[in-house]
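Next up, target.pdb (PDB, C-alpha atoms, pLDDT in the B column):
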ATOM      1  CA  MET L   1      -3.851  -9.131  -8.132  1.00 84.00           C
ATOM      2  CA  GLU L   2      -2.712  -7.704  -4.829  1.00 89.00           C
ATOM      3  CA  THR L   3      -4.058  -9.679  -1.864  1.00 93.00           C
ATOM      4  CA  GLU L   4      -3.488  -8.414   1.663  1.00 94.00           C
ATOM      5  CA  ILE L   5      -5.038  -8.132   5.103  1.00 96.00           C
ATOM      6  CA  LYS L   6      -4.719  -4.898   7.078  1.00 96.00           C
ATOM      7  CA  LEU L   7      -4.631  -4.792  10.864  1.00 97.00           C
ATOM      8  CA  GLY L   8      -4.988  -1.523  12.769  1.00 96.00           C
ATOM      9  CA  PHE L   9      -3.074  -0.921  16.025  1.00 96.00           C
ATOM     10  CA  ILE L  10      -3.670   1.514  18.861  1.00 92.00           C
ATOM     11  CA  ASP L  11      -0.090   2.849  18.862  1.00 94.00           C
ATOM     12  CA  LYS L  12       3.295   2.209  17.264  1.00 93.00           C
ATOM     13  CA  GLU L  13       4.718   0.662  20.440  1.00 95.00           C
ATOM     14  CA  SER L  14       2.105  -2.112  20.306  1.00 96.00           C
ATOM     15  CA  LEU L  15       2.704  -2.537  16.578  1.00 97.00           C
ATOM     16  CA  LEU L  16       6.480  -2.862  16.866  1.00 96.00           C
ATOM     17  CA  ALA L  17       6.207  -5.186  19.852  1.00 97.00           C
ATOM     18  CA  VAL L  18       4.732  -7.805  17.504  1.00 97.00           C
ATOM     19  CA  ALA L  19       7.897  -7.878  15.402  1.00 95.00           C
ATOM     20  CA  ASP L  20       9.967  -8.812  18.466  1.00 95.00           C
ATOM     21  CA  ALA L  21       7.536 -11.285  20.024  1.00 97.00           C
ATOM     22  CA  ASP L  22       8.632 -14.924  20.205  1.00 97.00           C
ATOM     23  CA  TRP L  23       5.267 -16.179  18.911  1.00 97.00           C
ATOM     24  CA  PHE L  24       5.648 -14.004  15.806  1.00 98.00           C
ATOM     25  CA  ARG L  25       9.352 -14.710  15.227  1.00 97.00           C
ATOM     26  CA  ALA L  26       8.507 -18.412  14.948  1.00 97.00           C
ATOM     27  CA  TYR L  27       7.044 -17.681  11.490  1.00 98.00           C
ATOM     28  CA  CYS L  28       9.796 -15.288  10.261  1.00 97.00           C
ATOM     29  CA  ILE L  29      12.242 -16.268   7.523  1.00 96.00           C
ATOM     30  CA  ASP L  30      14.350 -13.088   7.660  1.00 93.00           C
ATOM     31  CA  ASN L  31      15.161 -10.245  10.067  1.00 89.00           C
ATOM     32  CA  GLY L  32      13.409  -7.512   8.139  1.00 90.00           C
ATOM     33  CA  ASP L  33      14.288  -4.434   6.123  1.00 91.00           C
ATOM     34  CA  THR L  34      13.267  -0.833   6.939  1.00 93.00           C
ATOM     35  CA  SER L  35      12.663   2.071   4.536  1.00 94.00           C
ATOM     36  CA  LEU L  36      11.048   5.506   4.481  1.00 95.00           C
ATOM     37  CA  LEU L  37       8.136   5.591   2.017  1.00 95.00           C
ATOM     38  CA  GLU L  38       6.732   8.878   0.721  1.00 93.00           C
ATOM     39  CA  ASN L  39       3.517   8.562  -1.288  1.00 92.00           C
ATOM     40  CA  THR L  40       2.138  11.111  -3.741  1.00 91.00           C
ATOM     41  CA  TYR L  41      -1.287  10.424  -5.290  1.00 91.00           C
ATOM     42  CA  LEU L  42      -2.188  11.824  -8.699  1.00 93.00           C
ATOM     43  CA  ASP L  43      -5.497  12.554 -10.401  1.00 92.00           C
ATOM     44  CA  THR L  44      -7.130  15.115 -12.669  1.00 92.00           C
ATOM     45  CA  ASN L  45      -8.920  18.140 -11.243  1.00 88.00           C
ATOM     46  CA  ASP L  46     -12.253  16.444 -11.931  1.00 89.00           C
ATOM     47  CA  LEU L  47     -11.042  13.153 -10.405  1.00 89.00           C
ATOM     48  CA  LYS L  48     -11.227  10.997 -13.531  1.00 93.00           C
ATOM     49  CA  VAL L  49      -8.895   8.356 -12.098  1.00 94.00           C
ATOM     50  CA  THR L  50     -10.854   8.077  -8.856  1.00 91.00           C
ATOM     51  CA  GLY L  51     -14.092   8.027 -10.859  1.00 93.00           C
ATOM     52  CA  ASN L  52     -12.739   5.047 -12.802  1.00 95.00           C
ATOM     53  CA  GLY L  53     -12.335   3.195  -9.510  1.00 93.00           C
ATOM     54  CA  ALA L  54      -8.559   3.475  -9.763  1.00 94.00           C
ATOM     55  CA  MET L  55      -5.582   5.110  -8.058  1.00 93.00           C
ATOM     56  CA  ILE L  56      -2.212   6.425  -9.290  1.00 95.00           C
ATOM     57  CA  ARG L  57       0.590   6.506  -6.730  1.00 95.00           C
ATOM     58  CA  VAL L  58       4.162   7.763  -6.991  1.00 96.00           C
ATOM     59  CA  ARG L  59       6.185   6.259  -4.150  1.00 96.00           C
ATOM     60  CA  HIS L  60       9.691   7.336  -3.145  1.00 95.00           C
ATOM     61  CA  TYR L  61      11.755   4.722  -1.329  1.00 94.00           C
ATOM     62  CA  SER L  62      14.729   5.864   0.734  1.00 92.00           C
ATOM     63  CA  GLY L  63      16.915   4.110   3.269  1.00 80.00           C
ATOM     64  CA  ASP L  64      20.160   2.184   3.490  1.00 73.00           C
ATOM     65  CA  ALA L  65      21.431   1.932  -0.110  1.00 74.00           C
ATOM     66  CA  LYS L  66      17.942   2.831  -1.406  1.00 81.00           C
ATOM     67  CA  ASP L  67      16.775   5.812  -3.412  1.00 91.00           C
ATOM     68  CA  TYR L  68      14.265   5.135  -6.160  1.00 94.00           C
ATOM     69  CA  TYR L  69      10.672   5.688  -7.207  1.00 96.00           C
ATOM     70  CA  GLU L  70       7.890   3.227  -7.914  1.00 96.00           C
ATOM     71  CA  PHE L  71       4.782   4.046  -9.933  1.00 97.00           C
ATOM     72  CA  THR L  72       1.660   2.069  -9.041  1.00 97.00           C
ATOM     73  CA  VAL L  73      -1.831   1.895 -10.495  1.00 96.00           C
ATOM     74  CA  LYS L  74      -4.500   0.001  -8.544  1.00 95.00           C
ATOM     75  CA  TYR L  75      -7.945  -0.781  -9.880  1.00 95.00           C
ATOM     76  CA  GLY L  76     -11.177  -2.490  -8.921  1.00 90.00           C
ATOM     77  CA  GLY L  77     -11.329  -5.291  -6.407  1.00 84.00           C
ATOM     78  CA  GLY L  78     -12.905  -4.900  -3.016  1.00 86.00           C
ATOM     79  CA  VAL L  79     -12.548  -5.075   0.765  1.00 86.00           C
ATOM     80  CA  SER L  80     -14.203  -7.456   3.214  1.00 84.00           C
ATOM     81  CA  ASP L  81     -13.271  -8.021   6.859  1.00 82.00           C
ATOM     82  CA  GLY L  82      -9.831  -6.486   6.424  1.00 86.00           C
ATOM     83  CA  LEU L  83      -9.053  -8.498   3.257  1.00 91.00           C
ATOM     84  CA  HIS L  84      -8.084  -6.160   0.392  1.00 90.00           C
ATOM     85  CA  ARG L  85      -7.915  -7.502  -3.183  1.00 90.00           C
ATOM     86  CA  ARG L  86      -7.128  -5.186  -6.115  1.00 92.00           C
ATOM     87  CA  PHE L  87      -5.631  -5.373  -9.562  1.00 94.00           C
ATOM     88  CA  GLU L  88      -2.197  -3.761  -9.445  1.00 94.00           C
ATOM     89  CA  TRP L  89       0.623  -2.720 -11.783  1.00 96.00           C
ATOM     90  CA  ASN L  90       4.066  -1.505 -10.599  1.00 96.00           C
ATOM     91  CA  VAL L  91       6.950   0.115 -12.485  1.00 96.00           C
ATOM     92  CA  GLU L  92      10.248   1.264 -10.941  1.00 95.00           C
ATOM     93  CA  SER L  93      11.782   4.581 -11.992  1.00 95.00           C
ATOM     94  CA  ASP L  94      14.749   6.794 -11.184  1.00 91.00           C
ATOM     95  CA  THR L  95      12.553   9.932 -11.425  1.00 93.00           C
ATOM     96  CA  ASP L  96       9.189  11.012  -9.997  1.00 93.00           C
ATOM     97  CA  SER L  97       7.753  11.947 -13.413  1.00 93.00           C
ATOM     98  CA  PHE L  98       4.713   9.744 -14.155  1.00 95.00           C
ATOM     99  CA  ASP L  99       3.738   9.326 -17.813  1.00 93.00           C
ATOM    100  CA  VAL L 100       0.576   7.413 -18.726  1.00 94.00           C
ATOM    101  CA  ASP L 101       1.790   5.999 -22.037  1.00 93.00           C
ATOM    102  CA  GLY L 102       5.219   5.179 -20.641  1.00 94.00           C
ATOM    103  CA  PHE L 103       3.662   3.431 -17.670  1.00 94.00           C
ATOM    104  CA  LYS L 104       1.396   1.317 -19.872  1.00 94.00           C
ATOM    105  CA  ALA L 105       4.348   0.274 -22.031  1.00 94.00           C
ATOM    106  CA  SER L 106       6.489  -0.650 -19.030  1.00 94.00           C
ATOM    107  CA  ALA L 107       3.632  -2.528 -17.324  1.00 93.00           C
ATOM    108  CA  GLU L 108       2.914  -4.667 -20.375  1.00 91.00           C
ATOM    109  CA  GLY L 109       3.203  -8.368 -19.616  1.00 88.00           C
ATOM    110  CA  GLN L 110       2.540  -8.089 -15.883  1.00 88.00           C
ATOM    111  CA  SER L 111       0.174 -10.628 -14.379  1.00 86.00           C
ATOM    112  CA  ASP L 112      -2.909  -8.382 -14.352  1.00 84.00           C
ATOM    113  CA  SER L 113      -4.514  -7.677 -17.722  1.00 88.00           C
ATOM    114  CA  GLY L 114      -3.522  -4.684 -19.824  1.00 90.00           C
ATOM    115  CA  ASP L 115      -7.192  -4.290 -20.755  1.00 92.00           C
ATOM    116  CA  LEU L 116      -7.989  -3.682 -17.095  1.00 94.00           C
ATOM    117  CA  LEU L 117      -5.180  -1.116 -16.916  1.00 95.00           C
ATOM    118  CA  ASP L 118      -6.714   0.672 -19.909  1.00 94.00           C
ATOM    119  CA  LYS L 119     -10.018   0.827 -18.017  1.00 95.00           C
ATOM    120  CA  ALA L 120      -8.286   2.182 -14.918  1.00 94.00           C
ATOM    121  CA  LEU L 121      -6.704   5.012 -16.931  1.00 95.00           C
ATOM    122  CA  GLU L 122      -9.552   5.589 -19.378  1.00 94.00           C
ATOM    123  CA  GLY L 123      -9.875   9.239 -20.371  1.00 92.00           C
ATOM    124  CA  VAL L 124      -6.606  10.244 -18.665  1.00 92.00           C
ATOM    125  CA  ASN L 125      -3.900  11.603 -20.979  1.00 83.00           C
ATOM    126  CA  GLY L 126      -1.358  12.351 -18.269  1.00 75.00           C
ATOM    127  CA  LYS L 127      -0.841  16.028 -19.010  1.00 81.00           C
ATOM    128  CA  GLU L 128      -3.756  16.986 -16.764  1.00 89.00           C
ATOM    129  CA  LEU L 129      -2.621  14.951 -13.778  1.00 93.00           C
ATOM    130  CA  THR L 130      -1.964  16.874 -10.587  1.00 89.00           C
ATOM    131  CA  VAL L 131      -1.073  16.084  -6.991  1.00 87.00           C
ATOM    132  CA  LEU L 132      -4.074  15.212  -4.836  1.00 83.00           C
ATOM    133  CA  CYS L 133      -2.575  14.258  -1.480  1.00 82.00           C
ATOM    134  CA  ARG L 134       0.498  12.872   0.215  1.00 83.00           C
ATOM    135  CA  ASN L 135       1.413  10.667   3.131  1.00 88.00           C
ATOM    136  CA  SER L 136       4.634   9.245   4.479  1.00 90.00           C
ATOM    137  CA  PHE L 137       5.571   6.412   6.779  1.00 94.00           C
ATOM    138  CA  THR L 138       8.363   4.134   7.862  1.00 95.00           C
ATOM    139  CA  ARG L 139       7.898   0.517   6.765  1.00 95.00           C
ATOM    140  CA  THR L 140       9.645  -2.577   8.080  1.00 96.00           C
ATOM    141  CA  ILE L 141       9.103  -5.673   5.919  1.00 95.00           C
ATOM    142  CA  ILE L 142       9.589  -9.134   7.417  1.00 97.00           C
ATOM    143  CA  HIS L 143       8.936 -12.231   5.316  1.00 98.00           C
ATOM    144  CA  LEU L 144       6.881 -15.004   6.872  1.00 97.00           C
ATOM    145  CA  LYS L 145       6.145 -18.640   6.125  1.00 97.00           C
ATOM    146  CA  TYR L 146       2.808 -20.058   7.194  1.00 97.00           C
ATOM    147  CA  GLY L 147       1.248 -23.261   5.896  1.00 93.00           C
ATOM    148  CA  ASP L 148       1.807 -23.446   2.143  1.00 92.00           C
ATOM    149  CA  SER L 149       2.283 -19.696   1.791  1.00 97.00           C
ATOM    150  CA  THR L 150       4.899 -16.971   1.875  1.00 97.00           C
ATOM    151  CA  MET L 151       3.849 -13.467   2.859  1.00 97.00           C
ATOM    152  CA  GLU L 152       5.214 -10.035   3.694  1.00 97.00           C
ATOM    153  CA  ALA L 153       4.475  -8.534   7.083  1.00 98.00           C
ATOM    154  CA  CYS L 154       4.673  -4.756   6.594  1.00 97.00           C
ATOM    155  CA  PHE L 155       4.904  -2.738   9.812  1.00 98.00           C
ATOM    156  CA  ASP L 156       3.810   0.813   8.870  1.00 97.00           C
ATOM    157  CA  ARG L 157       3.973   3.866  11.124  1.00 96.00           C
ATOM    158  CA  GLY L 158       3.733   7.489  10.009  1.00 93.00           C
ATOM    159  CA  THR L 159       1.358  10.388   9.344  1.00 87.00           C
ATOM    160  CA  ILE L 160      -1.308  11.646   6.963  1.00 85.00           C
ATOM    161  CA  GLU L 161      -1.128  15.385   6.325  1.00 76.00           C
ATOM    162  CA  ASP L 162      -3.370  17.806   4.478  1.00 70.00           C
ATOM    163  CA  GLY L 163      -2.130  20.203   1.790  1.00 64.00           C
ATOM    164  CA  ARG L 164      -1.051  22.721   4.411  1.00 70.00           C
ATOM    165  CA  GLY L 165       1.249  20.271   6.148  1.00 70.00           C
ATOM    166  CA  ARG L 166      -1.010  19.675   9.131  1.00 75.00           C
ATOM    167  CA  VAL L 167      -1.073  16.165  10.561  1.00 75.00           C
ATOM    168  CA  ARG L 168      -4.604  14.813  10.287  1.00 79.00           C
ATOM    169  CA  GLU L 169      -4.175  11.146  11.167  1.00 84.00           C
ATOM    170  CA  HIS L 170      -1.505   8.702  12.246  1.00 88.00           C
ATOM    171  CA  ILE L 171      -0.632   5.533  10.355  1.00 93.00           C
ATOM    172  CA  CYS L 172      -0.160   2.558  12.650  1.00 96.00           C
ATOM    173  CA  GLU L 173      -0.944  -0.686  10.892  1.00 96.00           C
ATOM    174  CA  LEU L 174       0.308  -4.102   9.878  1.00 97.00           C
ATOM    175  CA  GLU L 175      -0.246  -5.338   6.328  1.00 96.00           C
ATOM    176  CA  LEU L 176       0.012  -9.053   5.626  1.00 97.00           C
ATOM    177  CA  GLU L 177       0.500  -9.353   1.868  1.00 96.00           C
ATOM    178  CA  LEU L 178       0.401 -12.687   0.078  1.00 96.00           C
ATOM    179  CA  VAL L 179       3.550 -13.341  -1.982  1.00 96.00           C
ATOM    180  CA  SER L 180       2.661 -16.902  -2.942  1.00 96.00           C
ATOM    181  CA  GLY L 181       0.193 -19.480  -1.686  1.00 96.00           C
ATOM    182  CA  ARG L 182      -3.349 -19.362  -0.334  1.00 95.00           C
ATOM    183  CA  VAL L 183      -5.607 -16.601   0.948  1.00 95.00           C
ATOM    184  CA  GLU L 184      -6.617 -18.910   3.788  1.00 96.00           C
ATOM    185  CA  ASP L 185      -3.057 -18.807   5.113  1.00 96.00           C
ATOM    186  CA  ILE L 186      -2.874 -15.008   5.448  1.00 96.00           C
ATOM    187  CA  GLU L 187      -6.315 -15.094   7.060  1.00 96.00           C
ATOM    188  CA  ALA L 188      -5.022 -17.652   9.572  1.00 97.00           C
ATOM    189  CA  MET L 189      -1.886 -15.602  10.206  1.00 97.00           C
ATOM    190  CA  ALA L 190      -4.003 -12.496  10.772  1.00 97.00           C
ATOM    191  CA  GLY L 191      -6.029 -14.464  13.318  1.00 97.00           C
ATOM    192  CA  ILE L 192      -2.856 -15.376  15.191  1.00 98.00           C
ATOM    193  CA  VAL L 193      -1.788 -11.716  15.349  1.00 98.00           C
ATOM    194  CA  ILE L 194      -5.234 -10.607  16.541  1.00 97.00           C
ATOM    195  CA  ASP L 195      -5.185 -13.262  19.269  1.00 97.00           C
ATOM    196  CA  ASN L 196      -1.822 -12.046  20.571  1.00 97.00           C
ATOM    197  CA  ALA L 197      -1.805  -8.269  20.036  1.00 97.00           C
ATOM    198  CA  PRO L 198      -4.102  -5.241  20.557  1.00 96.00           C
ATOM    199  CA  CYS L 199      -5.281  -4.842  16.964  1.00 96.00           C
ATOM    200  CA  GLY L 200      -8.238  -5.468  14.682  1.00 95.00           C
ATOM    201  CA  LEU L 201      -9.179  -5.907  11.031  1.00 95.00           C
ATOM    202  CA  PHE L 202      -8.916  -2.626   9.146  1.00 91.00           C
ATOM    203  CA  ASN L 203     -10.851  -1.906   5.939  1.00 90.00           C
ATOM    204  CA  ASP L 204      -9.676   1.616   5.122  1.00 86.00           C
ATOM    205  CA  THR L 205      -6.694   2.184   2.809  1.00 86.00           C
ATOM    206  CA  LYS L 206      -4.020   4.838   3.267  1.00 88.00           C
ATOM    207  CA  TYR L 207      -5.145   6.384  -0.013  1.00 85.00           C
ATOM    208  CA  HIS L 208      -8.784   6.787   0.990  1.00 84.00           C
ATOM    209  CA  ARG L 209      -7.806   8.048   4.430  1.00 85.00           C
ATOM    210  CA  THR L 210      -5.658  10.691   2.724  1.00 82.00           C
ATOM    211  CA  LEU L 211      -8.141  11.478  -0.049  1.00 79.00           C
ATOM    212  CA  LYS L 212     -10.810  12.721   2.340  1.00 78.00           C
ATOM    213  CA  TYR L 213      -8.731  15.812   3.141  1.00 75.00           C
ATOM    214  CA  ILE L 214      -8.545  17.173  -0.425  1.00 69.00           C
ATOM    215  CA  ASP L 215     -11.484  19.481   0.196  1.00 58.00           C
ATOM    216  CA  ARG L 216      -9.668  21.026   3.156  1.00 40.00           C
ATOM    217  CA  GLY L 217      -6.528  22.246   1.459  1.00 41.00           C
ATOM    218  CA  CYS L 218      -5.043  19.080  -0.036  1.00 40.00           C
TER     219      CYS L 218
END
How does this structure look as structure tokens?
Amino acid sequence: METEIKLGFIDKESLLAVADADWFRAYCIDNGDTSLLENTYLDTNDLKVTGNGAMIRVRHYSGDAKDYYEFTVKYGGGVSDGLHRRFEWNVESDTDSFDVDGFKASAEGQSDSGDLLDKALEGVNGKELTVLCRNSFTRTIIHLKYGDSTMEACFDRGTIEDGRGRVREHICELELELVSGRVEDIEAMAGIVIDNAPCGLFNDTKYHRTLKYIDRGC
């Protein structure tokens, strides 16, 4: 299960200032890695995947010595006070062609149950999948150590566009994702960031922020 806390910032300058702040660097265990991420979300015309409470994402990573795709299905879970918890399956690929059966086979044995993945993709054969929406952003990942836990601090800045290429919203957020350890530690780390930077807990996901524009050309 994916466990993360999202923090929304007023602008990218305030967001990036955190990464360089002495109080933040005290928890860092590396200097960070930056990539361009381009997300494409898939569903059927009648939104079967969304109706199942799930999401299919095709993500293209590019950057220094990087050029690959990652398929992700997320399902269930919930959000409370910026804490996002969802079942999640990830499969790397060298193409952007998502196949339901191939994804299920490749995701077999991952920590979240295959039965839950079947529920997420129930009634979806893959041939009817189409592009819903897209967004893109630059992400810098810095690994942190706090208490008994290791986490990723993901500094995300970019845009959400509709299907006609018009910018609708800006992405300017910090995700603290638990790699190993306790939820209480990422909650404490989020509290430290909030105390030292102009940000707040953020419940909305990039997917749902992008999804709302499908009726206006996306």
Which residues, written as a list in words, have at least one atom at most 7 Å from Gly32 of chain L, with only C-alpha atoms counted and residues fewer than 5 positions away on the same chain left out?
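That gives Thr140, Ile141 and Ile142 of chain L.
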Measuring atom to atom with all atoms listed in the file, identify which of L:Met151, L:Met1, L:Ala105, L:Val79 is nearest to Asp30 of chain L.
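Selected residue with least distance to Asp30 of chain L: L:Met151.
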May I have the residues within 6 Å of Leu144 of chain L as a list in words, using only C-alpha atoms and disregarding those fewer than 5 positions away in the same chain?
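Residues meeting the cut-off are Tyr27, Cys28, Ile29, Thr150 and Met151 of chain L.
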Excluding Asp185 of chain L and residues on its chain fewer than 5 positions from it, collect all residues at most 7 Å away from it, counting only C-alpha atoms, and give them as a list in words.
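That gives Tyr146, Gly147 and Ser149 of chain L.
Between atom CA of Glu169 of chain L and atom CA of His60 of chain L there is a distance of 20.3 Å.
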The PyMOL selection byres ((chain L and resi 59) around 8) on the file shown: which residues, as a list of chain:residue names?
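For this structure, the PyMOL selection byres ((chain L and resi 59) around 8) captures L:Leu37, L:Glu38, L:Asn39, L:Thr40, L:Arg57, L:Val58, L:His60, L:Tyr61, L:Tyr69, L:Glu70, L:Phe71, L:Thr72.
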Would you list the residues near (-13.0, 6.4, -18.2) (no more than 12 Å away, in the coordinates of the file, using all atoms listed in the file) as a PyMOL selection string?
chain L and resi 44+46-54+116-125
Polymer residues at most 9 Å from Cys154 of chain L, all atoms listed in the file, same-chain spacing of 5 or more positions, as a list in words:
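Contacts, in chain order: Arg139, Thr140, Ile141, Ile142, His143, Glu173, Leu174, Glu175, Leu176 and Glu177 of chain L.
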Near-Glu13 of chain L list (12 Å; all atoms listed in the file; drop same-chain fewer than 6 positions) as number ranges by chain
L: 19-20, 155-157, 172-173, 197-199
File of the preceding selection, C-alpha atoms, as a short mmCIF file (atom, residue, chain, number, x, y, z; two decimals), in the coordinates of the input:
data_model
loop_
_atom_site.label_atom_id
_atom_site.label_comp_id
_atom_site.auth_asym_id
_atom_site.auth_seq_id
_atom_site.Cartn_x
_atom_site.Cartn_y
_atom_site.Cartn_z
CA ALA L 19 7.90 -7.88 15.40
CA ASP L 20 9.97 -8.81 18.47
CA PHE L 155 4.90 -2.74 9.81
CA ASP L 156 3.81 0.81 8.87
CA ARG L 157 3.97 3.87 11.12
CA CYS L 172 -0.16 2.56 12.65
CA GLU L 173 -0.94 -0.69 10.89
CA ALA L 197 -1.80 -8.27 20.04
CA PRO L 198 -4.10 -5.24 20.56
CA CYS L 199 -5.28 -4.84 16.96
#
Pick from L:Leu42, L:Val183, L:Ile56, L:Leu36, whichever lies nearest to Tyr68 of chain L using only C-alpha atoms:
L:Leu36
Any chance you could work out the residue set of the PyMOL selection byres ((chain L and resi 3) around 7) here, as an MDAnalysis selection string?
chainID L and resid 1:2 4 84:86 177:178
On this file, the PyMOL selection byres ((chain L and resi 102) around 12) gives some set of residues; write that set as a PyMOL selection string.
chain L and resi 71+91-93+97-101+103-108+125-126
Keeping C-alpha atoms, export the residues of the selection given above as an mmCIF file, in the coordinates of the input.
data_model
loop_
_atom_site.group_PDB
_atom_site.id
_atom_site.type_symbol
_atom_site.label_atom_id
_atom_site.label_comp_id
_atom_site.auth_asym_id
_atom_site.auth_seq_id
_atom_site.Cartn_x
_atom_site.Cartn_y
_atom_site.Cartn_z
ATOM 1 C CA PHE L 71 4.782 4.046 -9.933
ATOM 2 C CA VAL L 91 6.950 0.115 -12.485
ATOM 3 C CA GLU L 92 10.248 1.264 -10.941
ATOM 4 C CA SER L 93 11.782 4.581 -11.992
ATOM 5 C CA SER L 97 7.753 11.947 -13.413
ATOM 6 C CA PHE L 98 4.713 9.744 -14.155
ATOM 7 C CA ASP L 99 3.738 9.326 -17.813
ATOM 8 C CA VAL L 100 0.576 7.413 -18.726
ATOM 9 C CA ASP L 101 1.790 5.999 -22.037
ATOM 10 C CA PHE L 103 3.662 3.431 -17.670
ATOM 11 C CA LYS L 104 1.396 1.317 -19.872
ATOM 12 C CA ALA L 105 4.348 0.274 -22.031
ATOM 13 C CA SER L 106 6.489 -0.650 -19.030
ATOM 14 C CA ALA L 107 3.632 -2.528 -17.324
ATOM 15 C CA GLU L 108 2.914 -4.667 -20.375
ATOM 16 C CA ASN L 125 -3.900 11.603 -20.979
ATOM 17 C CA GLY L 126 -1.358 12.351 -18.269
#
